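As provided, input-v1.txt (compact mmCIF, C-alpha atoms) reads as follows.
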# COMPACT_ATOMS: atom_id res chain seq x y z
CA MET L 1 -9.71 -65.37 -15.62
CA GLN L 2 -11.20 -62.26 -17.09
CA THR L 3 -10.61 -59.21 -14.98
CA LEU L 4 -13.42 -56.78 -14.47
CA PHE L 5 -11.28 -53.80 -13.71
CA ARG L 6 -8.03 -52.76 -15.12
CA LYS L 7 -5.77 -50.14 -13.65
CA PHE L 8 -4.94 -47.42 -16.15
CA PHE L 9 -2.00 -45.12 -15.90
CA TYR L 10 -1.55 -41.70 -17.32
CA GLY L 11 0.10 -42.11 -20.70
CA ASP L 12 -1.20 -45.65 -21.28
CA TYR L 13 -3.48 -44.75 -24.13
CA GLY L 14 -2.04 -44.71 -27.57
CA GLU L 15 0.79 -47.02 -26.67
CA GLU L 16 -1.67 -49.71 -25.69
CA LYS L 17 -2.43 -50.69 -29.25
CA ASN L 18 1.21 -51.30 -29.97
CA LEU L 19 1.89 -53.35 -26.89
CA ALA L 20 2.08 -57.09 -27.26
CA ALA L 21 -0.35 -59.25 -25.27
CA GLU L 22 -1.46 -58.27 -21.76
CA ASN L 23 1.46 -56.16 -20.76
CA ASN L 24 -0.21 -53.83 -18.29
CA GLN L 25 2.79 -51.74 -17.28
CA PRO L 26 4.33 -49.07 -19.45
CA LYS L 27 7.61 -50.32 -20.77
CA GLN L 28 10.69 -48.85 -19.19
CA THR L 29 14.29 -49.73 -19.78
CA ILE L 30 17.03 -49.18 -17.25
CA SER L 31 18.48 -46.32 -19.26
CA GLU L 32 15.16 -44.50 -19.37
CA TRP L 33 14.32 -42.14 -16.53
CA PRO L 34 10.83 -42.17 -14.99
CA LEU L 35 8.22 -39.73 -16.25
CA TRP L 36 6.96 -36.97 -13.95
CA GLU L 37 3.99 -34.65 -14.21
CA VAL L 38 4.55 -30.99 -13.42
CA PHE L 39 2.02 -28.62 -11.85
CA ILE L 40 2.73 -24.91 -11.66
CA ARG L 41 1.04 -22.22 -9.59
CA SER L 42 1.34 -19.01 -11.55
CA LYS L 43 0.66 -16.71 -8.59
CA GLN L 44 -0.34 -16.83 -4.95
CA GLY L 45 -3.99 -17.74 -4.42
CA LEU L 46 -4.40 -19.60 -7.72
CA ASP L 47 -4.45 -23.36 -8.18
CA HIS L 48 -1.56 -25.44 -9.37
CA LYS L 49 -2.22 -26.25 -13.02
CA HIS L 50 -0.84 -29.09 -15.06
CA ALA L 51 2.02 -27.67 -17.12
CA GLY L 52 3.46 -30.76 -18.78
CA SER L 53 5.74 -33.67 -18.12
CA LEU L 54 9.44 -34.46 -18.02
CA HIS L 55 11.96 -37.17 -17.19
CA ALA L 56 14.01 -37.26 -13.99
CA VAL L 57 15.61 -39.88 -11.76
CA ASP L 58 14.13 -38.61 -8.50
CA ALA L 59 11.95 -35.90 -7.00
CA ALA L 60 14.81 -33.47 -6.42
CA MET L 61 15.87 -33.66 -10.04
CA ALA L 62 12.27 -33.50 -11.23
CA MET L 63 11.82 -30.29 -9.26
CA GLU L 64 14.92 -28.72 -10.79
CA ASN L 65 14.05 -29.89 -14.28
CA ALA L 66 10.57 -28.44 -13.84
CA ARG L 67 12.10 -25.15 -12.78
CA ASP L 68 14.36 -25.10 -15.82
CA VAL L 69 11.85 -26.34 -18.38
CA TYR L 70 8.60 -24.72 -17.23
CA THR L 71 9.38 -21.57 -15.23
CA ARG L 72 12.17 -19.88 -17.14
CA ARG L 73 9.84 -17.15 -18.38
CA SER L 74 8.47 -16.30 -14.93
CA GLU L 75 5.51 -18.67 -15.21
CA GLY L 76 5.42 -19.73 -11.59
CA VAL L 77 5.77 -19.16 -7.87
CA SER L 78 5.33 -22.78 -6.80
CA ILE L 79 5.94 -26.22 -8.33
CA TRP L 80 4.45 -29.64 -7.66
CA VAL L 81 5.86 -32.77 -9.25
CA VAL L 82 4.41 -36.26 -9.11
CA GLU L 83 5.61 -39.39 -10.78
CA SER L 84 3.25 -40.14 -13.65
CA LYS L 85 2.73 -43.75 -12.58
CA TYR L 86 0.89 -42.53 -9.49
CA ILE L 87 -1.74 -40.77 -11.55
CA HIS L 88 -4.72 -42.94 -12.38
CA ALA L 89 -6.66 -41.98 -15.44
CA SER L 90 -10.19 -42.66 -16.62
CA ASN L 91 -10.49 -44.89 -19.64
CA PRO L 92 -11.64 -43.04 -22.78
CA ASP L 93 -13.80 -46.09 -23.62
CA ASP L 94 -15.80 -45.39 -20.46
CA ALA L 95 -16.52 -41.82 -21.48
CA ASP L 96 -20.13 -42.58 -22.45
CA ALA L 97 -20.93 -44.17 -19.11
CA LEU L 98 -19.05 -41.66 -17.04
CA PHE L 99 -19.86 -38.33 -18.65
CA ASP L 100 -22.82 -38.54 -21.01
CA PRO L 101 -25.49 -38.95 -18.30
CA ALA L 102 -24.69 -35.48 -17.00
CA ASN L 103 -25.40 -33.82 -20.33
CA ASP L 104 -29.22 -33.77 -20.11
CA LYS L 105 -29.50 -32.85 -16.46
CA ILE L 106 -29.45 -29.10 -16.69
CA TYR L 107 -31.32 -28.89 -13.36
CA ARG L 108 -28.01 -29.67 -11.70
CA HIS L 109 -26.80 -26.25 -12.64
CA PRO L 110 -27.81 -23.68 -10.01
CA SER L 111 -29.47 -21.48 -12.61
CA PHE L 112 -33.13 -21.97 -11.63
CA TYR L 113 -33.12 -19.98 -8.43
CA GLU L 114 -34.13 -16.39 -8.05
CA LEU L 115 -31.37 -14.62 -6.20
CA PRO L 116 -32.41 -11.97 -3.69
CA ASP L 117 -30.97 -8.56 -4.57
CA GLU L 118 -29.03 -8.51 -1.32
CA VAL L 119 -26.85 -11.39 -2.45
CA LYS L 120 -23.90 -10.06 -4.32
CA HIS L 121 -20.93 -11.55 -6.13
CA MET L 122 -22.74 -14.60 -7.49
CA MET P 123 42.09 0.34 -27.19
CA THR P 124 44.19 -2.41 -25.78
CA THR P 125 43.23 -3.36 -22.29
CA LYS P 126 46.90 -3.82 -21.51
CA GLU P 127 46.90 -0.09 -20.95
CA ILE P 128 44.18 -0.32 -18.33
CA GLU P 129 45.75 0.17 -14.92
CA ASN P 130 42.70 0.97 -12.82
CA PRO P 131 42.24 -1.99 -10.43
CA LEU P 132 38.43 -1.80 -10.42
CA ILE P 133 38.24 -1.98 -14.22
CA LYS P 134 40.72 -4.84 -14.26
CA PHE P 135 38.68 -6.63 -11.63
CA LEU P 136 35.45 -6.09 -13.57
CA LEU P 137 37.05 -7.52 -16.71
CA HIS P 138 38.33 -10.48 -14.70
CA LEU P 139 34.81 -11.21 -13.43
CA GLY P 140 33.25 -10.62 -16.84
CA ASP P 141 35.79 -12.82 -18.63
CA ASN P 142 35.28 -15.68 -16.17
CA ALA P 143 31.54 -15.51 -16.72
CA LEU P 144 31.70 -15.12 -20.51
CA ILE P 145 34.18 -17.91 -21.21
CA MET P 146 32.49 -20.30 -18.80
CA GLY P 147 29.13 -19.42 -20.34
CA HIS P 148 30.52 -20.01 -23.82
CA ARG P 149 31.91 -23.41 -22.81
CA ASN P 150 28.55 -24.41 -21.33
CA SER P 151 26.77 -23.27 -24.47
CA GLU P 152 28.74 -25.86 -26.44
CA TRP P 153 26.44 -28.43 -24.81
CA CYS P 154 23.33 -26.83 -26.32
CA GLY P 155 21.62 -29.55 -28.33
CA HIS P 156 24.04 -32.22 -27.08
CA GLY P 157 22.91 -32.75 -23.47
CA PRO P 158 22.32 -36.31 -22.23
CA VAL P 159 18.57 -35.65 -21.90
CA LEU P 160 16.41 -32.75 -23.02
CA GLU P 161 15.79 -31.48 -19.48
CA GLN P 162 19.47 -31.32 -18.58
CA ASP P 163 20.30 -29.77 -21.93
CA ILE P 164 17.92 -26.93 -21.06
CA ALA P 165 19.30 -26.69 -17.52
CA LEU P 166 22.89 -26.25 -18.66
CA THR P 167 21.90 -23.85 -21.42
CA ASN P 168 20.03 -21.77 -18.83
CA ILE P 169 23.17 -21.66 -16.76
CA ALA P 170 25.20 -20.63 -19.81
CA LEU P 171 22.79 -17.76 -20.45
CA ASP P 172 22.86 -16.67 -16.80
CA GLN P 173 26.62 -16.39 -16.97
CA ILE P 174 26.66 -14.51 -20.25
CA GLY P 175 24.13 -12.13 -18.67
CA GLN P 176 26.47 -11.62 -15.72
CA ALA P 177 29.36 -10.94 -18.09
CA ARG P 178 27.29 -8.25 -19.80
CA ASN P 179 26.69 -6.46 -16.50
CA PHE P 180 30.40 -6.37 -15.68
CA TYR P 181 31.43 -5.29 -19.19
CA GLN P 182 28.80 -2.55 -19.32
CA TYR P 183 30.01 -1.15 -16.02
CA ALA P 184 33.65 -1.33 -17.15
CA ALA P 185 32.76 0.48 -20.40
CA LYS P 186 31.02 3.20 -18.40
CA LEU P 187 34.04 3.69 -16.14
CA ILE P 188 36.42 3.87 -19.09
CA ALA P 189 34.19 6.45 -20.79
CA GLU P 190 34.21 8.57 -17.62
CA LYS P 191 37.97 8.39 -17.24
CA SER P 192 39.20 8.73 -20.81
CA GLY P 193 36.19 9.58 -22.91
CA GLU P 194 36.81 6.50 -25.02
CA LYS P 195 33.51 5.06 -26.20
CA LEU P 196 33.36 1.31 -25.66
CA THR P 197 30.51 -1.16 -25.35
CA GLU P 198 30.18 -4.61 -23.82
CA ASP P 199 30.90 -6.00 -27.30
CA SER P 200 34.30 -4.26 -27.39
CA PHE P 201 35.40 -6.47 -24.51
CA ALA P 202 33.84 -9.71 -25.71
CA TYR P 203 34.63 -9.50 -29.40
CA LEU P 204 37.52 -7.13 -29.96
CA ARG P 205 40.17 -8.24 -27.50
CA ASP P 206 42.81 -10.89 -28.03
CA SER P 207 43.60 -13.68 -25.61
CA TRP P 208 46.33 -11.78 -23.69
CA ASP P 209 43.74 -9.16 -22.75
CA PHE P 210 41.44 -11.73 -21.16
CA LYS P 211 41.78 -12.10 -17.40
CA ASN P 212 39.74 -15.24 -16.76
CA CYS P 213 41.11 -18.15 -14.74
CA LEU P 214 42.48 -21.02 -16.81
CA LEU P 215 39.90 -23.50 -15.52
CA VAL P 216 36.98 -21.93 -17.39
CA GLU P 217 38.68 -22.25 -20.77
CA LEU P 218 39.52 -25.95 -20.39
CA PRO P 219 37.62 -28.24 -22.78
CA ASN P 220 34.35 -29.65 -21.43
CA GLY P 221 35.12 -33.33 -21.88
CA HIS P 222 32.29 -35.62 -20.78
CA TRP P 223 29.18 -34.58 -18.88
CA GLY P 224 30.67 -35.37 -15.47
CA ARG P 225 33.76 -33.29 -16.16
CA THR P 226 31.62 -30.38 -17.35
CA ILE P 227 29.52 -30.61 -14.19
CA LEU P 228 32.63 -30.74 -12.04
CA LYS P 229 34.04 -27.58 -13.62
CA GLN P 230 30.72 -25.84 -13.13
CA PHE P 231 30.56 -26.98 -9.50
CA ILE P 232 34.06 -25.74 -8.65
CA VAL P 233 33.41 -22.38 -10.32
CA SER P 234 29.90 -21.95 -8.87
CA ALA P 235 31.16 -22.76 -5.38
CA TYR P 236 33.91 -20.16 -5.74
CA LYS P 237 31.57 -17.56 -7.20
CA SER P 238 29.01 -18.05 -4.44
CA CYS P 239 31.71 -17.16 -1.87
CA LEU P 240 33.21 -14.33 -3.91
CA TYR P 241 29.90 -12.67 -4.80
CA GLN P 242 28.70 -13.01 -1.22
CA ALA P 243 31.74 -10.99 -0.17
CA LEU P 244 31.14 -8.47 -2.97
CA THR P 245 27.55 -7.74 -1.88
CA SER P 246 29.01 -5.56 0.89
CA ASN P 247 31.63 -3.91 -1.33
CA ALA P 248 32.09 -0.16 -1.06
CA ASP P 249 31.40 0.20 -4.79
CA GLU P 250 27.60 0.19 -4.92
CA GLN P 251 27.22 -0.82 -8.53
CA LEU P 252 29.59 -3.75 -8.12
CA ALA P 253 27.71 -4.78 -4.96
CA GLY P 254 24.43 -4.50 -6.85
CA ILE P 255 25.57 -6.72 -9.72
CA ALA P 256 26.93 -9.22 -7.20
CA SER P 257 23.72 -9.54 -5.21
CA LYS P 258 21.65 -9.85 -8.39
CA SER P 259 23.96 -12.59 -9.71
CA LEU P 260 24.14 -14.37 -6.38
CA LYS P 261 20.58 -15.73 -6.75
CA GLU P 262 21.47 -17.33 -10.06
CA ILE P 263 24.72 -18.67 -8.70
CA SER P 264 23.01 -20.26 -5.70
CA TYR P 265 20.96 -22.30 -8.13
CA HIS P 266 23.99 -23.19 -10.27
CA LEU P 267 25.73 -24.41 -7.13
CA ARG P 268 22.73 -26.45 -6.01
CA TRP P 269 22.29 -28.02 -9.44
CA SER P 270 25.97 -28.81 -10.03
CA SER P 271 26.67 -30.10 -6.51
CA GLU P 272 23.73 -32.51 -6.75
CA TRP P 273 25.17 -33.85 -9.99
CA VAL P 274 28.64 -34.24 -8.49
CA ILE P 275 27.11 -36.24 -5.63
CA ARG P 276 24.94 -38.31 -7.99
CA LEU P 277 27.86 -39.29 -10.19
CA GLY P 278 30.44 -39.61 -7.43
CA ASP P 279 28.10 -41.73 -5.34
CA GLY P 280 26.73 -43.56 -8.39
CA THR P 281 28.10 -46.62 -10.15
CA PRO P 282 31.78 -47.69 -9.97
CA GLU P 283 32.19 -46.37 -13.51
CA SER P 284 30.68 -42.94 -12.81
CA LYS P 285 32.73 -42.66 -9.62
CA GLN P 286 35.94 -43.46 -11.47
CA LYS P 287 35.15 -40.96 -14.19
CA MET P 288 34.51 -38.23 -11.64
CA GLN P 289 37.68 -39.05 -9.73
CA ASP P 290 39.69 -38.91 -12.97
CA ALA P 291 38.07 -35.57 -13.81
CA ILE P 292 39.04 -34.17 -10.40
CA THR P 293 42.62 -35.31 -10.92
CA SER P 294 42.85 -33.58 -14.26
CA ILE P 295 41.11 -30.37 -13.16
CA TRP P 296 42.63 -29.97 -9.71
CA PRO P 297 45.87 -28.32 -11.00
CA TYR P 298 43.66 -25.41 -12.11
CA THR P 299 42.03 -24.70 -8.74
CA ASN P 300 44.65 -22.79 -6.74
CA GLU P 301 44.63 -19.98 -9.25
CA TRP P 302 41.19 -18.86 -8.04
CA THR P 303 42.33 -17.97 -4.55
CA ASN P 304 45.85 -16.95 -5.52
CA PHE P 305 44.79 -13.32 -5.58
CA THR P 306 46.39 -10.70 -7.80
CA ASP P 307 47.02 -7.10 -6.77
CA TYR P 308 43.94 -5.81 -8.55
CA GLU P 309 41.72 -8.34 -6.77
CA LEU P 310 43.22 -7.59 -3.37
CA ASN P 311 42.70 -3.91 -4.02
CA ILE P 312 38.94 -4.46 -4.30
CA LEU P 313 38.45 -7.36 -1.88
CA GLY P 314 40.65 -6.16 0.99
CA ASP P 315 40.68 -8.49 3.98
CA ASN P 316 37.60 -10.30 2.71
CA HIS P 317 39.76 -12.57 0.58
CA TRP P 318 40.57 -14.83 3.54
CA ASN P 319 36.89 -15.64 4.04
CA ILE P 320 36.45 -16.40 0.36
CA LYS P 321 39.21 -18.99 0.33
CA GLU P 322 38.04 -20.60 3.55
CA ASN P 323 34.34 -20.73 2.60
CA TRP P 324 35.15 -22.10 -0.84
CA GLU P 325 37.25 -24.93 0.55
CA THR P 326 34.49 -25.77 3.03
CA ILE P 327 31.93 -26.19 0.23
CA LEU P 328 34.28 -28.29 -1.92
CA LYS P 329 35.20 -30.58 0.97
CA LYS P 330 31.59 -31.04 2.04
CA VAL P 331 30.32 -32.00 -1.41
CA PHE P 332 33.29 -34.21 -2.31
CA LEU P 333 32.92 -35.99 1.03
CA GLU P 334 29.26 -36.67 0.35
CA ALA P 335 30.08 -37.80 -3.17
CA GLY P 336 32.78 -40.16 -1.88
CA LEU P 337 35.41 -38.44 -4.00
CA SER P 338 38.88 -37.58 -2.79
CA ILE P 339 40.74 -34.33 -3.28
CA PRO P 340 44.33 -34.56 -4.54
CA THR P 341 46.63 -33.23 -1.84
CA ASN P 342 49.58 -32.02 -3.83
CA GLY P 343 50.91 -31.54 -7.30
CA TYR P 344 51.71 -28.79 -9.74
CA GLN P 345 49.30 -25.85 -9.94
CA HIS P 346 48.86 -23.73 -13.07
CA SER P 347 48.39 -19.98 -12.98
CA GLY P 348 48.63 -16.93 -15.22
CA GLY P 349 45.12 -16.52 -16.61
CA LYS P 350 44.35 -13.54 -14.41
CA MET P 351 47.37 -11.74 -15.91
CA GLY P 352 46.55 -12.70 -19.50
CA ASN P 353 48.74 -15.80 -19.90
CA HIS P 354 46.35 -18.43 -21.20
CA THR P 355 46.26 -22.01 -22.42
CA GLU P 356 45.97 -22.59 -26.15
CA HIS P 357 42.29 -23.46 -25.62
CA LEU P 358 41.28 -19.82 -25.19
CA GLY P 359 42.51 -19.00 -28.70
CA TYR P 360 40.16 -21.57 -30.20
CA ILE P 361 37.24 -20.28 -28.14
CA LEU P 362 37.87 -16.71 -29.29
CA THR P 363 38.28 -17.79 -32.90
CA GLU P 364 34.80 -19.24 -32.88
CA MET P 365 33.17 -16.66 -30.64
CA GLN P 366 34.64 -13.60 -32.36
CA PHE P 367 34.52 -14.79 -35.96
CA LEU P 368 31.44 -12.88 -37.06
CA GLN P 369 32.48 -9.59 -35.50
CA ARG P 370 36.00 -9.87 -36.91
CA ALA P 371 34.93 -10.87 -40.43
CA TYR P 372 32.04 -8.39 -40.63
CA PRO P 373 32.89 -5.50 -38.30
CA ASN P 374 29.84 -3.84 -36.74
CA ALA P 375 27.54 -6.44 -38.26
CA GLU P 376 23.99 -6.27 -36.90
CA TRP P 377 20.80 -8.23 -37.24

Turn this file's structure into structure tokens for me.
Amino acid sequence: MQTLFRKFFYGDYGEEKNLAAENNQPKQTISEWPLWEVFIRSKQGLDHKHAGSLHAVDAAMAMENARDVYTRRSEGVSIWVVESKYIHASNPDDADALFDPANDKIYRHPSFYELPDEVKHM
Amino acid sequence: MTTKEIENPLIKFLLHLGDNALIMGHRNSEWCGHGPVLEQDIALTNIALDQIGQARNFYQYAAKLIAEKSGEKLTEDSFAYLRDSWDFKNCLLVELPNGHWGRTILKQFIVSAYKSCLYQALTSNADEQLAGIASKSLKEISYHLRWSSEWVIRLGDGTPESKQKMQDAITSIWPYTNEWTNFTDYELNILGDNHWNIKENWETILKKVFLEAGLSIPTNGYQHSGGKMGNHTEHLGYILTEMQFLQRAYPNAEW
């Protein structure tokens, strides 16, 4: 049966072409540690930003590896880690359908309103 | 200068602390580029650098004290690169070969646990500069202890093979543990009555982590000593040969 939807994982693209048949899951051997994504907040009040990825056997180790790999030059005050398999990614092949329609709808930008002088910081 | 002539207990103590940190840091740095995975390679190299940084602080302070007392101009490099093995006052454990990853981790754990207790005691030392270096280093050491104890638990509580390897490592390293809390006169001079707490707190940490890791502590057996007084294993000579080569072959070389 042909499936309408397919679940994509972060990191699937690129490898997909080399994978044999319909192997949906990224390959992982027992000696290979799971991949984790690291998000770093550079200072209080800012968002956590994606910094990169690393391998670790569990969350505690991922946290420490993130500390050692991504914050050794004072880059952060807070770390998030999430196992990469829990991140679902949009398919690049869907880019036309997902993103192109927004390109010619400039009226969605709030740039056609006259702001009263009293309104500041806009 | 030969540091054999140094009799001041504070300077001796500073060199003891600096030598422990430098030689341990140098041993850790041997893993650079050889770690089991990239992330852990970086972690251990970070720890190596932290310790070499700590050694610098102790050596710089010792050089300053010597300059004040005798007018002799020394730098941190004089201590690291221009002394022979009998001048070094580090404990024997830090100069032992790394062996496999688990054995390296175990050495780091035992040393970090000891240092966390020692430096905690030093933060309230009457000598303000020593107390300052200790409290600055303590943050780094807390992380070293956390990182290494997690690894000891992982491997001890891991597969039958990893458990056996860790147990074997403990058996071979244990004869080098008593030396740490077998305090010399120059240590007692600086630590005073605090040394009882250090020994007790250290043993508490070791027991707690080994219990969680399912590893047993050998109860008796021969214990080595002498490092603190300059009597070292042959391993230190090899470390110094490599570490001091450049400075010995090209005195005052710079880049």

Could you please select, counting only C-alpha atoms, the residues of chain L within 8 Å of chain P and state them as a PDB file with C-alpha atoms, keeping the file's coordinate frame?
ATOM      1  CA  LEU L  54       9.440 -34.460 -18.020  1.00  0.00           C
ATOM      2  CA  HIS L  55      11.960 -37.170 -17.190  1.00  0.00           C
ATOM      3  CA  GLU L  64      14.920 -28.720 -10.790  1.00  0.00           C
ATOM      4  CA  ASN L  65      14.050 -29.890 -14.280  1.00  0.00           C
ATOM      5  CA  ASP L  68      14.360 -25.100 -15.820  1.00  0.00           C
ATOM      6  CA  VAL L  69      11.850 -26.340 -18.380  1.00  0.00           C
TER       7      VAL L  69
END

- Query: From the set P:Tyr344, P:Asn179, P:Gly352, P:Glu217, which residue has the shortest atom-to-atom contact distance to P:Ala256, counting all atoms listed in the file?
  - Reply: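 Distance minimum relative to P:Ala256 lands on P:Asn179.
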
- Query: Can you list, as a list in words, every protein, DNA or RNA residue that comes within 9 Å of stretch 277-279 of chain P when you count all atoms listed in the file, leaving out same-chain residues fewer than 3 positions away?
  - Reply: Gly224, Glu272, Trp273, Val274, Pro282, Glu283, Ser284, Lys285, Gln286, Lys287, Met288, Gln289, Phe332, Glu334, Ala335, Gly336 and Leu337 of chain P

- Message: Residues near P:Leu252, anyone? I mean within 9 Å using all atoms listed in the file, not counting same-chain ones fewer than 6 positions away, as a list in words.
- Response: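 Contacts, with the query itself left out: Leu136, Phe180, Tyr183, Leu244 and Thr245 of chain P.
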
- Task: Take atom CA of P:Glu152 and atom CA of P:Asn220 and report the distance between them in Å, one decimal.
- Result: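 Going from atom CA of P:Glu152 over to atom CA of P:Asn220, I get 8.4 Å.
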
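Nearest to L:Ile40 of all the residues L:Ser53, L:Ala62, L:Tyr70, L:Ile106 is L:Tyr70, based on only C-alpha atoms.
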
Go ahead and fit an axis-aligned box to every listed atom of stretch 57-70 of chain L plus 5 Å each side, and pass me the centre and edge lengths in Å, one decimal, as AutoDock Vina command-line options.
--center_x 12.2 --center_y -32.3 --center_z -12.4 --size_x 17.3 --size_y 25.2 --size_z 22.0

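Candidate residues L:Pro92, L:Asn103, L:Gly45, L:Phe39 were compared for distance to L:Glu75, and the nearest is L:Phe39, using all atoms listed in the file.
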
- Task: With a distance cut-off of 10 Å and all atoms listed in the file, select the neighbouring residues of P:Asp307, excluding the residue or stretch itself and same-chain residues fewer than 4 positions from it, and output the selection as a ChimeraX atom specification.
- Result: /P:131,135,311-313

- Message: Please report the interatomic distance between atom CA of P:Arg149 and atom CA of P:Tyr360 in Å with one decimal.
- Response: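 Atom-to-atom, atom CA of P:Arg149 and atom CA of P:Tyr360 are spaced 11.2 Å apart.
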
- Task: Have a look at P:Gln176, P:Thr303, P:Ser234, P:Gln366 and name the one nearest to P:Asn319; count only C-alpha atoms.
- Result: P:Thr303

- atom CA of L:Leu98 to atom CA of L:His50, distance in Å rounded to a single decimal: 22.2 Å

- Message: Give me the residues near P:Pro340 as number ranges by chain, where near means some atom within 10 Å (using all atoms listed in the file) and where sequence neighbours in that chain fewer than 3 positions away do not count.
- Response: P: 289, 292-294, 296-297, 337, 343
